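Engineer: Data file target05.cif (mmCIF, C-alpha atoms) is appended below.
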```cif
data_coords
#
loop_
_atom_site.label_atom_id
_atom_site.label_comp_id
_atom_site.auth_asym_id
_atom_site.auth_seq_id
_atom_site.Cartn_x
_atom_site.Cartn_y
_atom_site.Cartn_z
CA MET Y 4 30.57 113.80 168.45
CA VAL Y 5 33.07 111.14 167.34
CA GLU Y 6 35.08 109.72 170.25
CA PHE Y 7 38.71 110.90 170.03
CA ASP Y 8 41.20 108.04 169.51
CA PRO Y 9 44.60 109.17 170.82
CA ILE Y 10 46.47 106.18 169.38
CA ALA Y 11 45.04 106.73 165.90
CA TYR Y 12 45.95 110.43 166.13
CA ILE Y 13 49.55 109.81 167.22
CA ASN Y 14 50.00 107.08 164.59
CA GLU Y 15 48.57 109.02 161.66
CA PRO Y 16 50.62 108.15 158.55
CA ARG Y 17 51.03 111.86 157.76
CA TRP Y 18 53.59 112.28 160.54
CA GLN Y 19 55.22 108.88 160.79
CA GLU Y 20 58.39 109.78 158.90
CA VAL Y 21 61.65 110.07 160.86
CA ARG Y 22 62.89 113.67 160.82
CA PRO Y 23 65.75 114.07 163.32
CA GLY Y 24 66.03 117.46 164.99
CA LEU Y 25 64.91 119.24 168.13
CA GLU Y 26 63.23 122.31 166.65
CA ARG Y 27 59.69 120.91 166.43
CA THR Y 28 59.85 119.30 169.88
CA ARG Y 29 61.21 122.50 171.39
CA GLU Y 30 58.42 124.56 169.79
CA LEU Y 31 55.70 122.13 170.88
CA LEU Y 32 56.89 121.87 174.49
CA GLU Y 33 57.29 125.66 174.74
CA ARG Y 34 53.64 126.03 173.73
CA MET Y 35 52.69 123.41 176.33
CA GLY Y 36 54.45 125.24 179.15
CA ARG Y 37 57.68 123.17 179.20
CA PRO Y 38 56.47 120.19 181.26
CA GLN Y 39 59.98 118.69 181.14
CA ASP Y 40 61.22 121.46 183.44
CA LYS Y 41 59.08 120.04 186.26
CA LEU Y 42 60.89 116.69 186.09
CA LYS Y 43 64.21 115.04 186.90
CA PHE Y 44 65.58 112.47 184.47
CA VAL Y 45 67.80 109.47 183.93
CA HIS Y 46 68.45 109.52 180.18
CA VAL Y 47 69.41 106.21 178.51
CA ALA Y 48 70.92 105.87 175.02
CA GLY Y 49 72.69 102.99 173.27
CA THR Y 50 72.09 100.19 170.78
CA ASN Y 51 71.49 97.04 172.81
CA GLY Y 52 70.11 96.64 176.32
CA LYS Y 53 68.43 100.06 176.63
CA GLY Y 54 65.00 98.71 177.55
CA SER Y 55 66.05 96.25 180.22
CA THR Y 56 68.56 98.73 181.67
CA CYS Y 57 65.74 101.27 181.92
CA ALA Y 58 63.52 98.64 183.56
CA TYR Y 59 66.18 97.84 186.16
CA ILE Y 60 66.78 101.52 187.00
CA ALA Y 61 63.07 102.32 187.26
CA SER Y 62 62.49 99.26 189.43
CA MET Y 63 65.24 100.29 191.87
CA LEU Y 64 63.92 103.86 192.09
CA GLN Y 65 60.41 102.57 192.69
CA ALA Y 66 61.71 100.19 195.39
CA ALA Y 67 63.35 103.22 197.04
CA GLY Y 68 59.92 104.88 197.30
CA TYR Y 69 60.21 107.39 194.45
CA ARG Y 70 57.28 108.06 192.12
CA THR Y 71 58.97 106.91 188.93
CA GLY Y 72 58.06 107.52 185.31
CA LEU Y 73 59.30 105.21 182.56
CA PHE Y 74 59.26 106.14 178.86
CA THR Y 75 60.34 103.42 176.41
CA SER Y 76 59.78 102.35 172.81
CA PRO Y 77 58.61 100.49 170.88
CA TYR Y 78 55.75 98.86 172.74
CA ILE Y 79 55.58 95.07 172.86
CA ILE Y 80 51.96 94.21 173.68
CA GLU Y 81 49.98 97.45 173.91
CA PHE Y 82 50.59 101.08 173.07
CA ALA Y 83 50.09 102.39 176.62
CA GLU Y 84 53.07 100.44 177.99
CA ARG Y 85 55.40 103.05 176.51
CA ILE Y 86 54.38 105.48 179.26
CA ARG Y 87 54.33 104.08 182.81
CA VAL Y 88 54.25 105.46 186.34
CA ASN Y 89 55.35 103.10 189.10
CA GLY Y 90 54.98 100.17 186.73
CA GLU Y 91 51.43 101.03 185.64
CA ASN Y 92 50.62 101.84 182.00
CA ILE Y 93 49.08 105.25 181.34
CA PRO Y 94 45.29 104.82 181.85
CA ALA Y 95 43.11 105.16 178.75
CA ASP Y 96 41.35 108.29 180.08
CA ASP Y 97 44.66 109.98 180.87
CA LEU Y 98 46.08 109.06 177.47
CA ARG Y 99 43.02 110.60 175.80
CA ASP Y 100 43.05 113.79 177.90
CA VAL Y 101 46.78 114.41 177.62
CA THR Y 102 46.83 113.69 173.88
CA LEU Y 103 43.93 116.12 173.32
CA PHE Y 104 45.97 118.77 175.15
CA VAL Y 105 49.04 117.99 173.02
CA ARG Y 106 46.97 117.97 169.81
CA GLU Y 107 45.64 121.45 170.54
CA HIS Y 108 49.17 122.84 170.67
CA ALA Y 109 50.48 120.68 167.81
CA GLU Y 110 47.76 121.93 165.47
CA ALA Y 111 48.30 125.54 166.53
CA MET Y 112 52.01 125.04 165.88
CA ALA Y 113 51.35 123.53 162.44
CA GLU Y 114 49.15 126.50 161.55
CA ALA Y 115 51.72 129.00 162.80
CA ILE Y 116 54.93 127.58 161.33
CA GLY Y 117 53.71 125.06 158.75
CA GLU Y 118 55.18 122.00 160.47
CA HIS Y 119 53.39 119.35 162.48
CA PRO Y 120 55.32 117.27 165.03
CA THR Y 121 56.24 113.70 164.06
CA GLU Y 122 54.79 110.60 165.70
CA PHE Y 123 57.67 110.21 168.18
CA GLU Y 124 57.69 113.92 168.96
CA LEU Y 125 53.99 113.69 169.85
CA MET Y 126 54.71 110.63 172.00
CA THR Y 127 57.50 112.46 173.82
CA ALA Y 128 55.24 115.43 174.51
CA VAL Y 129 52.43 113.19 175.78
CA ALA Y 130 54.85 111.32 178.04
CA PHE Y 131 56.42 114.43 179.56
CA GLU Y 132 53.02 116.06 180.13
CA HIS Y 133 51.66 112.90 181.78
CA PHE Y 134 54.70 112.55 184.05
CA ALA Y 135 54.43 116.21 185.06
CA ARG Y 136 50.70 115.87 185.83
CA GLN Y 137 51.46 112.74 187.85
CA LYS Y 138 54.13 114.68 189.80
CA CYS Y 139 56.81 112.07 189.19
CA ASP Y 140 59.92 112.44 191.33
CA ILE Y 141 62.09 111.15 188.51
CA VAL Y 142 61.67 109.79 184.98
CA VAL Y 143 63.73 107.05 183.33
CA CYS Y 144 63.68 108.05 179.67
CA GLU Y 145 64.87 105.86 176.80
CA VAL Y 146 66.16 107.59 173.68
CA GLY Y 147 64.12 106.77 170.59
CA LEU Y 148 66.80 106.97 167.87
CA GLY Y 149 70.41 108.03 168.31
CA GLY Y 150 70.64 110.68 170.98
CA ARG Y 151 71.94 114.04 169.82
CA LEU Y 152 68.92 114.85 167.63
CA ASP Y 153 66.36 112.61 169.35
CA SER Y 154 63.31 114.48 170.60
CA THR Y 155 63.91 113.25 174.17
CA ASN Y 156 67.16 115.26 174.14
CA ILE Y 157 65.14 118.44 174.63
CA ILE Y 158 65.56 117.95 178.38
CA ASP Y 159 68.10 119.93 180.35
CA ALA Y 160 70.97 118.12 182.08
CA PRO Y 161 69.64 114.82 183.45
CA GLU Y 162 70.75 113.52 186.82
CA VAL Y 163 72.47 110.60 185.10
CA CYS Y 164 73.13 109.79 181.45
CA VAL Y 165 73.52 106.09 180.64
CA ILE Y 166 75.05 104.75 177.43
CA THR Y 167 74.50 101.03 176.89
CA ARG Y 168 76.43 98.72 174.59
CA LEU Y 169 76.88 100.14 171.09
CA GLY Y 170 76.46 98.29 167.81
CA LEU Y 171 75.88 99.00 164.14
CA ASP Y 172 72.18 99.79 163.77
CA HIS Y 173 70.21 102.55 162.00
CA THR Y 174 73.42 103.31 160.08
CA GLY Y 175 71.53 105.40 157.52
CA PHE Y 176 70.78 107.95 160.25
CA LEU Y 177 73.60 107.48 162.75
CA GLY Y 178 76.66 106.63 160.64
CA ASP Y 179 78.31 103.40 159.56
CA THR Y 180 81.09 103.19 162.17
CA LEU Y 181 80.87 102.64 165.93
CA GLU Y 182 82.84 105.85 166.39
CA ALA Y 183 80.23 107.86 164.48
CA ILE Y 184 77.38 106.14 166.32
CA ALA Y 185 79.09 106.88 169.66
CA GLY Y 186 79.14 110.56 168.70
CA GLU Y 187 75.37 110.53 168.18
CA LYS Y 188 74.66 108.60 171.39
CA ALA Y 189 77.03 110.80 173.43
CA GLY Y 190 74.96 113.79 172.30
CA ILE Y 191 72.80 113.29 175.40
CA ILE Y 192 75.76 114.22 177.65
CA LYS Y 193 75.33 117.66 179.20
CA PRO Y 194 77.23 119.67 181.83
CA GLY Y 195 76.01 118.85 185.32
CA SER Y 196 75.20 115.18 184.67
CA THR Y 197 76.95 112.01 185.80
CA ILE Y 198 77.73 109.64 182.92
CA VAL Y 199 77.58 105.86 183.21
CA SER Y 200 78.79 103.98 180.12
CA TRP Y 201 79.18 100.39 179.11
CA PRO Y 202 82.92 99.67 178.57
CA GLN Y 203 82.63 99.82 174.79
CA GLU Y 204 84.68 97.14 173.03
CA ASP Y 205 85.51 99.56 170.20
CA GLU Y 206 88.32 101.81 171.45
CA ALA Y 207 87.46 104.69 169.12
CA ALA Y 208 83.83 104.65 170.32
CA MET Y 209 84.94 104.64 173.96
CA ARG Y 210 87.28 107.57 173.32
CA VAL Y 211 84.37 109.58 171.91
CA ILE Y 212 82.35 109.01 175.09
CA GLU Y 213 85.33 109.80 177.33
CA ALA Y 214 86.13 112.98 175.40
CA THR Y 215 82.50 114.17 175.43
CA ALA Y 216 82.23 113.60 179.18
CA GLN Y 217 85.51 115.45 179.79
CA ARG Y 218 84.52 118.35 177.51
CA ASN Y 219 81.29 118.78 179.48
CA GLY Y 220 83.00 118.49 182.86
CA CYS Y 221 81.08 115.31 183.75
CA GLU Y 222 82.11 112.42 185.95
CA LEU Y 223 82.32 109.23 183.85
CA VAL Y 224 81.65 105.87 185.50
CA VAL Y 225 82.46 102.62 183.68
CA PRO Y 226 81.39 99.35 185.35
CA ASP Y 227 84.14 96.91 186.25
CA PHE Y 228 82.89 93.70 184.70
CA ASP Y 229 85.85 91.87 186.26
CA ALA Y 230 83.96 92.35 189.55
CA LEU Y 231 80.92 90.57 188.10
CA MET Y 232 80.48 86.86 188.81
CA VAL Y 233 77.50 85.26 187.08
CA ARG Y 234 75.88 82.03 188.23
CA GLY Y 235 73.45 79.82 186.34
CA VAL Y 236 69.67 79.80 186.33
CA ASP Y 237 68.18 77.86 189.26
CA GLU Y 238 65.10 75.64 189.29
CA ALA Y 239 62.92 78.58 190.32
CA GLY Y 240 63.82 80.41 187.11
CA VAL Y 241 66.09 82.98 188.78
CA ARG Y 242 69.64 83.91 187.83
CA ARG Y 243 72.14 84.80 190.58
CA PHE Y 244 75.09 87.11 190.16
CA TYR Y 245 77.57 88.87 192.39
CA TYR Y 246 78.81 92.38 191.74
CA ASP Y 247 81.51 93.92 193.88
CA GLY Y 248 80.90 91.17 196.44
CA ARG Y 249 77.13 91.73 196.71
CA LEU Y 250 74.57 89.08 195.75
CA PHE Y 251 71.78 90.01 193.33
CA LEU Y 252 68.96 87.93 191.84
CA THR Y 253 67.28 88.65 188.51
CA ARG Y 254 64.29 87.05 186.83
CA LEU Y 255 65.56 88.23 183.44
CA LEU Y 256 67.38 85.07 182.35
CA ALA Y 257 69.47 86.00 179.31
CA SER Y 258 73.22 85.66 179.75
CA TYR Y 259 73.69 89.39 179.12
CA GLN Y 260 71.16 90.54 181.74
CA PRO Y 261 73.58 90.58 184.71
CA SER Y 262 75.77 93.00 182.74
CA ASN Y 263 72.76 95.22 181.97
CA ALA Y 264 71.85 95.04 185.67
CA VAL Y 265 75.37 96.12 186.65
CA LEU Y 266 75.10 99.14 184.35
CA ALA Y 267 71.81 100.01 186.06
CA ILE Y 268 73.33 99.45 189.52
CA GLU Y 269 76.11 101.90 188.69
CA ALA Y 270 73.45 104.40 187.58
CA ALA Y 271 71.67 103.93 190.93
CA CYS Y 272 74.99 104.42 192.76
CA ALA Y 273 75.54 107.63 190.79
CA LEU Y 274 72.08 108.84 191.83
CA ARG Y 275 72.96 107.94 195.42
CA ARG Y 276 76.08 110.09 195.28
CA ARG Y 277 73.91 112.92 193.98
CA GLY Y 278 71.70 112.75 197.07
CA TRP Y 279 68.97 110.32 196.05
CA ASP Y 280 68.04 108.00 198.93
CA ILE Y 281 68.63 104.57 197.38
CA ALA Y 282 69.92 101.85 199.71
CA TYR Y 283 71.79 98.76 198.53
CA GLU Y 284 69.44 96.68 200.73
CA PRO Y 285 66.59 96.40 199.95
CA ASP Y 286 66.24 99.03 197.20
CA MET Y 287 68.89 97.91 194.73
CA THR Y 288 68.66 94.19 195.43
CA GLY Y 289 64.86 94.27 195.55
CA GLY Y 290 64.62 96.45 192.46
CA ILE Y 291 66.85 94.16 190.42
CA TYR Y 292 64.80 91.13 191.48
CA GLN Y 293 61.43 92.79 190.77
CA ALA Y 294 62.43 94.15 187.34
CA ALA Y 295 60.44 92.75 184.43
CA TRP Y 296 61.00 93.32 180.73
CA PRO Y 297 59.02 91.36 178.13
CA GLY Y 298 60.45 89.85 174.99
CA ARG Y 299 64.09 89.54 176.05
CA PHE Y 300 64.88 85.84 176.25
CA GLU Y 301 61.48 85.48 177.87
CA VAL Y 302 60.25 81.96 178.59
CA VAL Y 303 56.59 82.27 177.65
CA SER Y 304 55.84 78.57 177.99
CA ALA Y 305 57.75 76.18 180.24
CA GLN Y 306 55.67 73.19 179.06
CA PRO Y 307 57.25 71.19 176.21
CA PRO Y 308 58.02 72.44 173.77
CA VAL Y 309 59.66 75.15 175.89
CA THR Y 310 58.99 78.43 174.07
CA ILE Y 311 61.21 81.52 174.25
CA VAL Y 312 60.64 84.92 172.67
CA ASP Y 313 63.52 87.29 172.17
CA GLY Y 314 63.53 90.77 170.66
CA GLY Y 315 67.04 90.44 169.21
CA HIS Y 316 66.80 92.31 165.91
CA ASN Y 317 70.42 92.95 164.87
CA PRO Y 318 73.62 90.85 164.76
CA GLN Y 319 74.62 91.82 168.31
CA GLY Y 320 71.17 90.84 169.59
CA ALA Y 321 71.31 87.53 167.71
CA ARG Y 322 74.76 86.82 169.17
CA ALA Y 323 73.47 87.56 172.67
CA LEU Y 324 70.52 85.24 172.03
CA ALA Y 325 72.86 82.46 170.92
CA ASP Y 326 75.03 82.97 174.02
CA SER Y 327 71.94 82.76 176.23
CA MET Y 328 70.79 79.57 174.52
CA ARG Y 329 74.17 77.94 175.15
CA ASP Y 330 74.15 79.14 178.74
CA VAL Y 331 70.59 78.26 179.77
CA PHE Y 332 70.11 75.19 177.52
CA PRO Y 333 73.64 73.78 177.08
CA GLY Y 334 74.07 71.21 174.35
CA GLN Y 335 70.54 71.68 172.97
CA THR Y 336 69.26 72.97 169.66
CA ALA Y 337 66.07 74.85 168.88
CA THR Y 338 63.47 75.37 166.20
CA PHE Y 339 63.79 79.06 165.35
CA VAL Y 340 60.74 81.03 164.30
CA MET Y 341 62.29 84.06 162.61
CA SER Y 342 60.91 87.32 161.23
CA VAL Y 343 62.98 90.37 160.36
CA LEU Y 344 62.80 93.85 158.89
CA ALA Y 345 64.34 94.25 155.46
CA ASP Y 346 66.75 97.00 156.56
CA LYS Y 347 68.45 94.76 159.15
CA ASP Y 348 71.65 92.75 158.63
CA TYR Y 349 69.72 89.50 158.63
CA PRO Y 350 72.48 87.38 156.99
CA ALA Y 351 74.67 88.11 160.03
CA MET Y 352 71.75 87.33 162.36
CA ILE Y 353 71.22 83.97 160.64
CA ALA Y 354 74.93 83.16 160.97
CA GLU Y 355 74.83 83.70 164.75
CA VAL Y 356 72.00 81.21 165.43
CA LEU Y 357 72.56 78.71 162.59
CA PRO Y 358 74.83 76.40 164.67
CA LEU Y 359 72.04 76.07 167.27
CA ALA Y 360 69.20 75.41 164.83
CA ASN Y 361 67.47 72.13 164.05
CA ALA Y 362 64.97 73.96 161.81
CA PHE Y 363 63.67 77.40 160.84
CA VAL Y 364 60.13 78.61 160.31
CA CYS Y 365 60.02 81.98 158.56
CA VAL Y 366 57.17 84.47 158.85
CA THR Y 367 56.63 88.04 157.66
CA PRO Y 368 56.55 90.62 160.49
CA PRO Y 369 53.70 93.16 160.82
CA SER Y 370 55.65 96.22 159.64
CA PRO Y 371 55.90 98.33 156.48
CA ARG Y 372 59.66 97.63 156.62
CA LYS Y 373 59.09 93.86 156.57
CA LEU Y 374 61.22 91.27 154.84
CA GLU Y 375 58.98 88.71 153.15
CA ALA Y 376 59.16 85.28 154.73
CA ALA Y 377 60.07 83.62 151.39
CA ASP Y 378 63.06 85.94 150.98
CA LEU Y 379 64.24 85.20 154.52
CA ALA Y 380 63.90 81.46 153.88
CA GLU Y 381 66.00 81.77 150.74
CA ALA Y 382 68.73 83.59 152.71
CA ILE Y 383 68.73 80.84 155.37
CA ARG Y 384 68.96 78.07 152.77
CA ALA Y 385 71.88 79.86 151.13
CA GLN Y 386 73.80 79.92 154.41
CA ALA Y 387 72.81 76.36 155.40
CA GLY Y 388 74.33 75.12 152.14
CA ALA Y 389 74.17 71.40 151.49
CA SER Y 390 72.86 70.53 154.96
CA ALA Y 391 69.38 69.04 155.21
CA LEU Y 392 68.22 71.71 157.64
CA PRO Y 393 64.44 72.13 157.33
CA VAL Y 394 63.41 75.69 156.41
CA GLU Y 395 59.69 76.37 156.19
CA VAL Y 396 57.54 79.42 155.40
CA ALA Y 397 54.34 80.29 157.28
CA ALA Y 398 51.59 82.70 156.24
CA SER Y 399 50.90 83.89 159.80
CA PHE Y 400 52.34 83.68 163.29
CA SER Y 401 49.63 81.20 164.28
CA GLU Y 402 50.66 78.93 161.42
CA ALA Y 403 54.34 79.47 162.23
CA MET Y 404 53.87 78.44 165.86
CA GLU Y 405 51.86 75.36 164.84
CA LYS Y 406 54.58 74.27 162.41
CA ALA Y 407 57.26 74.94 165.02
CA ARG Y 408 55.42 72.81 167.61
CA GLN Y 409 55.22 69.91 165.17
CA ILE Y 410 58.94 70.13 164.41
CA ALA Y 411 60.14 70.77 167.98
CA GLY Y 412 58.15 68.04 169.71
CA GLN Y 413 59.44 67.96 173.30
CA GLY Y 414 62.31 70.33 172.47
CA ILE Y 415 62.72 74.12 172.30
CA ILE Y 416 61.11 76.83 170.15
CA CYS Y 417 62.83 80.20 169.98
CA VAL Y 418 61.06 83.14 168.33
CA PHE Y 419 63.29 86.09 167.41
CA GLY Y 420 64.26 88.70 164.85
CA SER Y 421 61.81 91.57 165.40
CA LEU Y 422 60.30 93.33 168.39
CA TYR Y 423 57.20 93.84 166.26
CA SER Y 424 56.54 90.09 166.23
CA ILE Y 425 56.36 89.51 170.00
CA ALA Y 426 52.74 90.58 170.46
CA GLU Y 427 51.72 88.45 167.47
CA VAL Y 428 53.49 85.42 168.91
CA LYS Y 429 51.87 85.86 172.32
CA LYS Y 430 48.47 86.08 170.65
CA ALA Y 431 49.23 82.89 168.73
CA LEU Y 432 50.19 81.13 171.95
#
```
In structure tokens, write the structure found in this file.
Structural biologist:
Amino acid sequence: MVEFDPIAYINEPRWQEVRPGLERTRELLERMGRPQDKLKFVHVAGTNGKGSTCAYIASMLQAAGYRTGLFTSPYIIEFAERIRVNGENIPADDLRDVTLFVREHAEAMAEAIGEHPTEFELMTAVAFEHFARQKCDIVVCEVGLGGRLDSTNIIDAPEVCVITRLGLDHTGFLGDTLEAIAGEKAGIIKPGSTIVSWPQEDEAAMRVIEATAQRNGCELVVPDFDALMVRGVDEAGVRRFYYDGRLFLTRLLASYQPSNAVLAIEAACALRRRGWDIAYEPDMTGGIYQAAWPGRFEVVSAQPPVTIVDGGHNPQGARALADSMRDVFPGQTATFVMSVLADKDYPAMIAEVLPLANAFVCVTPPSPRKLEAADLAEAIRAQAGASALPVEVAASFSEAMEKARQIAGQGIICVFGSLYSIAEVKKAL
């Protein structure tokens, strides 16, 4: 008998297309006995900061003694990190057993109605079943795409809905205005939940969230960023910030991380008001300090050249990366190793980091949606104009990192542009 490979099954090309809608997920989970009904949720949607916000919330809940599930995507290093309980990836045996259970019902469903669940729908089902079997007290669940039609939105009213900072991304599915995107993200709001939202800069987008919360009779909490005071990064590699007079420490160093932490703190406060036993000390402060999230302005090598990897993959992410560079390494430039997907607004991403660049090394990311390195290099040269900025092309991430080391010397290397590249870069290092 051939050993069953759950990852190969979930990633089969036949069901990798994106097909928004809840019908298939609903049918599959009904056949499985509705594992989601055995769970409580914090549901997190948004464009930027979802992953680290989820990590902060899960860390605080775990610090408070709750058995906490965490469902995120995409994975950075290994597939199993998408499904975690108390910080531990789903074990290989559990992933195999749960996926076999899901496959049984998915194939019966395909035979009965002629439709097989998509890759992300299978992942959602595996995650919910695993969390139910593990008897999680609460699950922090990141939306995959959008919100309203995302398969995670099959859950009933979560304890708290969180909407992070919005930006223009996946416009082919979600709409080409922030107002339209806000409508899709706010689709996770349900009667009976508490809503915590980033104070969206776009007024029309914020009005959509406010109106949706009001229509559903939900309390809406918006962090007061005027009450946030951010300090620099100390010699121990820790950033200090004060929120509402309380001191917090975070090991996530990007300039935007204190704001993400504040959003998570407000979510924890909302849970507290709903009866969850989460203390400011040590649960919130300890949880914020213990939170880890790879690939977000992560210093992967402190030895010269200092090497940073950042998952910024849209103009907002590139802007946040540039802000973090100026904050943590004031007055310095970097050699950027860049790889992007072809459907991203990469000219805007280039524009954000160009003033901080002493050189670029371009590489093709490991994705069917890839932009070829030569095409990216051409776009960078076009924006750099008559300057003598070096722009090189590498055939692999190993070659890209070697070229970057030669250029950077004792300086800084910053790898960014695609979450899909982070694992490749870490292998190369």
Engineer: With a distance cut-off of 8 Å and all atoms listed in the file, select the neighbouring residues of Ala66 of chain Y, excluding the residue or stretch itself and same-chain residues fewer than 3 positions from it, and output the selection as number ranges by chain.
Structural biologist: Y: 62-63, 69, 285-287, 289-290
Engineer: Based on the selection just made, write C-alpha atoms of those residues as a PDB file, in the coordinates of the input.
Structural biologist:
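Result file is result19.pdb:
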```
ATOM      1  CA  SER Y  62      62.490  99.260 189.430  1.00  0.00           C
ATOM      2  CA  MET Y  63      65.240 100.290 191.870  1.00  0.00           C
ATOM      3  CA  TYR Y  69      60.210 107.390 194.450  1.00  0.00           C
ATOM      4  CA  PRO Y 285      66.590  96.400 199.950  1.00  0.00           C
ATOM      5  CA  ASP Y 286      66.240  99.030 197.200  1.00  0.00           C
ATOM      6  CA  MET Y 287      68.890  97.910 194.730  1.00  0.00           C
ATOM      7  CA  GLY Y 289      64.860  94.270 195.550  1.00  0.00           C
ATOM      8  CA  GLY Y 290      64.620  96.450 192.460  1.00  0.00           C
TER       9      GLY Y 290
END
```
Engineer: Ranking Y:Ala83, Y:Ile212, Y:Val225, Y:Pro23 by minimum distance to Leu177 of chain Y and counting only C-alpha atoms, which one comes first?
Structural biologist: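 Answer, going by the shortest atom-to-atom distance: Y:Pro23.
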Engineer: Within 12 Å of segment 247-264 of chain Y, which residues of segment 153-183 of chain Y show up? Give each one with its shortest atom-to-atom distance in Å (one decimal) and the two atoms involved, counting all atoms listed in the file, rows by chain then rising residue number, as JSON lines.
Structural biologist:
```
{"residue": "Y:Val165", "atom": "CA", "partner": "Y:Asn263", "partner_atom": "CA", "distance": 11.0}
{"residue": "Y:Ile166", "atom": "CA", "partner": "Y:Asn263", "partner_atom": "CA", "distance": 10.8}
{"residue": "Y:Thr167", "atom": "CA", "partner": "Y:Asn263", "partner_atom": "CA", "distance": 7.9}
{"residue": "Y:Arg168", "atom": "CA", "partner": "Y:Asn263", "partner_atom": "CA", "distance": 9.0}
```
Engineer: Which of these, Y:Gly320, Y:Ala183, Y:Ser327, Y:Ala376, has the shortest distance to Ala351 of chain Y once you count only C-alpha atoms?
Structural biologist: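 Nearest candidate to Ala351 of chain Y out of Y:Gly320, Y:Ala183, Y:Ser327, Y:Ala376: Y:Gly320.
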Engineer: Closest to Ser76 of chain Y among Y:Glu145, Y:Glu33, Y:Asp8, Y:Asp346, using all atoms listed in the file?
Structural biologist: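 Smallest separation from Ser76 of chain Y among the options: Y:Glu145.
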Engineer: The PyMOL selection byres ((chain Y and resi 99) around 12) - which residues does that actually catch in the file I just gave you? List them as a ChimeraX atom specification.
Structural biologist: /Y:6-13,83,93-98,100-106,129,133
Engineer: If the PyMOL selection byres ((chain Y and resi 51) around 8) is run on the structure shown, which residues does it catch, given as a list of chain:residue names?
Structural biologist: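 Checked against the file, the PyMOL selection byres ((chain Y and resi 51) around 8) matches Y:Gly49, Y:Thr50, Y:Gly52, Y:Lys53, Y:Thr167, Y:Arg168, Y:Leu169, Y:Gly170, Y:Gln319, Y:Gly320.
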Engineer: Mind pulling up the distance from atom CA of Val143 of chain Y to atom CA of Val45 of chain Y?
Structural biologist: 4.8 Å
Engineer: Rank nothing, just name the residue among Y:Thr310, Y:Gly54, Y:Ala115, Y:Leu42 nearest to Gln137 of chain Y, using all atoms listed in the file.
Structural biologist: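 The shortest atom-to-atom distance to Gln137 of chain Y comes from Y:Leu42.
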Engineer: What does the structure give for the distance between atom CA of Glu122 of chain Y and atom CA of Ala48 of chain Y, in Å to one decimal?
Structural biologist: 19.2 Å
Engineer: I'd like the interatomic distance between atom CA of Ala230 of chain Y and atom CA of Pro202 of chain Y, to a tenth of an Å.
Structural biologist: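 Those two atoms sit 13.2 Å apart.
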Engineer: Nearest to Ile192 of chain Y: which of Y:Glu107, Y:Asp378, Y:Asp140, Y:Glu222 is it, counting all atoms listed in the file?
Structural biologist: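 Going through Y:Glu107, Y:Asp378, Y:Asp140, Y:Glu222 one by one, the smallest distance to Ile192 of chain Y is for Y:Glu222.
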Engineer: Mind working out the centre and edge lengths of an axis-aligned box for segment 250-259 of chain Y, all listed atoms inside, 6 Å added to each side, rounded to one decimal in Å and written as AutoDock Vina command-line options?
Structural biologist:
```
--center_x 69.4 --center_y 87.5 --center_z 187.4 --size_x 22.3 --size_y 16.9 --size_z 28.6
```
Engineer: On this structure, the PyMOL selection byres ((chain Y and resi 163) around 8) would catch which residues? List them as a PyMOL selection string, sorted by chain and number.
Structural biologist: chain Y and resi 44-46+161-162+164-165+196-199+270+273-274
Engineer: Filtering to C-alpha atoms, could you give me those residues as a CSV table (one decimal), keeping the file's coordinate frame?
Structural biologist:
```csv
chain,number,residue,atom,x,y,z
Y,44,PHE,CA,65.6,112.5,184.5
Y,45,VAL,CA,67.8,109.5,183.9
Y,46,HIS,CA,68.4,109.5,180.2
Y,161,PRO,CA,69.6,114.8,183.4
Y,162,GLU,CA,70.8,113.5,186.8
Y,164,CYS,CA,73.1,109.8,181.4
Y,165,VAL,CA,73.5,106.1,180.6
Y,196,SER,CA,75.2,115.2,184.7
Y,197,THR,CA,77.0,112.0,185.8
Y,198,ILE,CA,77.7,109.6,182.9
Y,199,VAL,CA,77.6,105.9,183.2
Y,270,ALA,CA,73.4,104.4,187.6
Y,273,ALA,CA,75.5,107.6,190.8
Y,274,LEU,CA,72.1,108.8,191.8
```
Engineer: Skipping near chain neighbours, those fewer than 2 positions away, what residues fall within 7 Å of Gln39 of chain Y using all atoms listed in the file, listed as a PyMOL selection string?
Structural biologist: chain Y and resi 37+41-42+131+158
Engineer: Just write the chosen residues, C-alpha atoms, as a tab-separated table (two decimals), in the frame of the given file.
Structural biologist:
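Wrote out19.tsv, looks like this:
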```tsv
chain	number	residue	atom	x	y	z
Y	37	ARG	CA	57.68	123.17	179.20
Y	41	LYS	CA	59.08	120.04	186.26
Y	42	LEU	CA	60.89	116.69	186.09
Y	131	PHE	CA	56.42	114.43	179.56
Y	158	ILE	CA	65.56	117.95	178.38
```
Engineer: Skipping near chain neighbours, those fewer than 4 positions away, what residues fall within 8 Å of Pro120 of chain Y using only C-alpha atoms, listed as a list in words?
Structural biologist: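 Answer for this query is Trp18, Arg27, Thr28, Leu31, Ala109, Ala113, Glu124 and Leu125 of chain Y.
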Engineer: Between Y:Val312, Y:Ser421, Y:Ala325, Y:Glu355, which residue has the minimum interatomic distance to Val343 of chain Y, considering all atoms listed in the file?
Structural biologist: Y:Ser421
Engineer: Skipping near chain neighbours, those fewer than 5 positions away, what residues fall within 9 Å of Glu375 of chain Y using all atoms listed in the file, listed as a list of chain:residue names?
Structural biologist: Y:Ser342, Y:Val343, Y:Leu344, Y:Ala345, Y:Cys365, Y:Val366, Y:Thr367, Y:Pro368, Y:Ala380
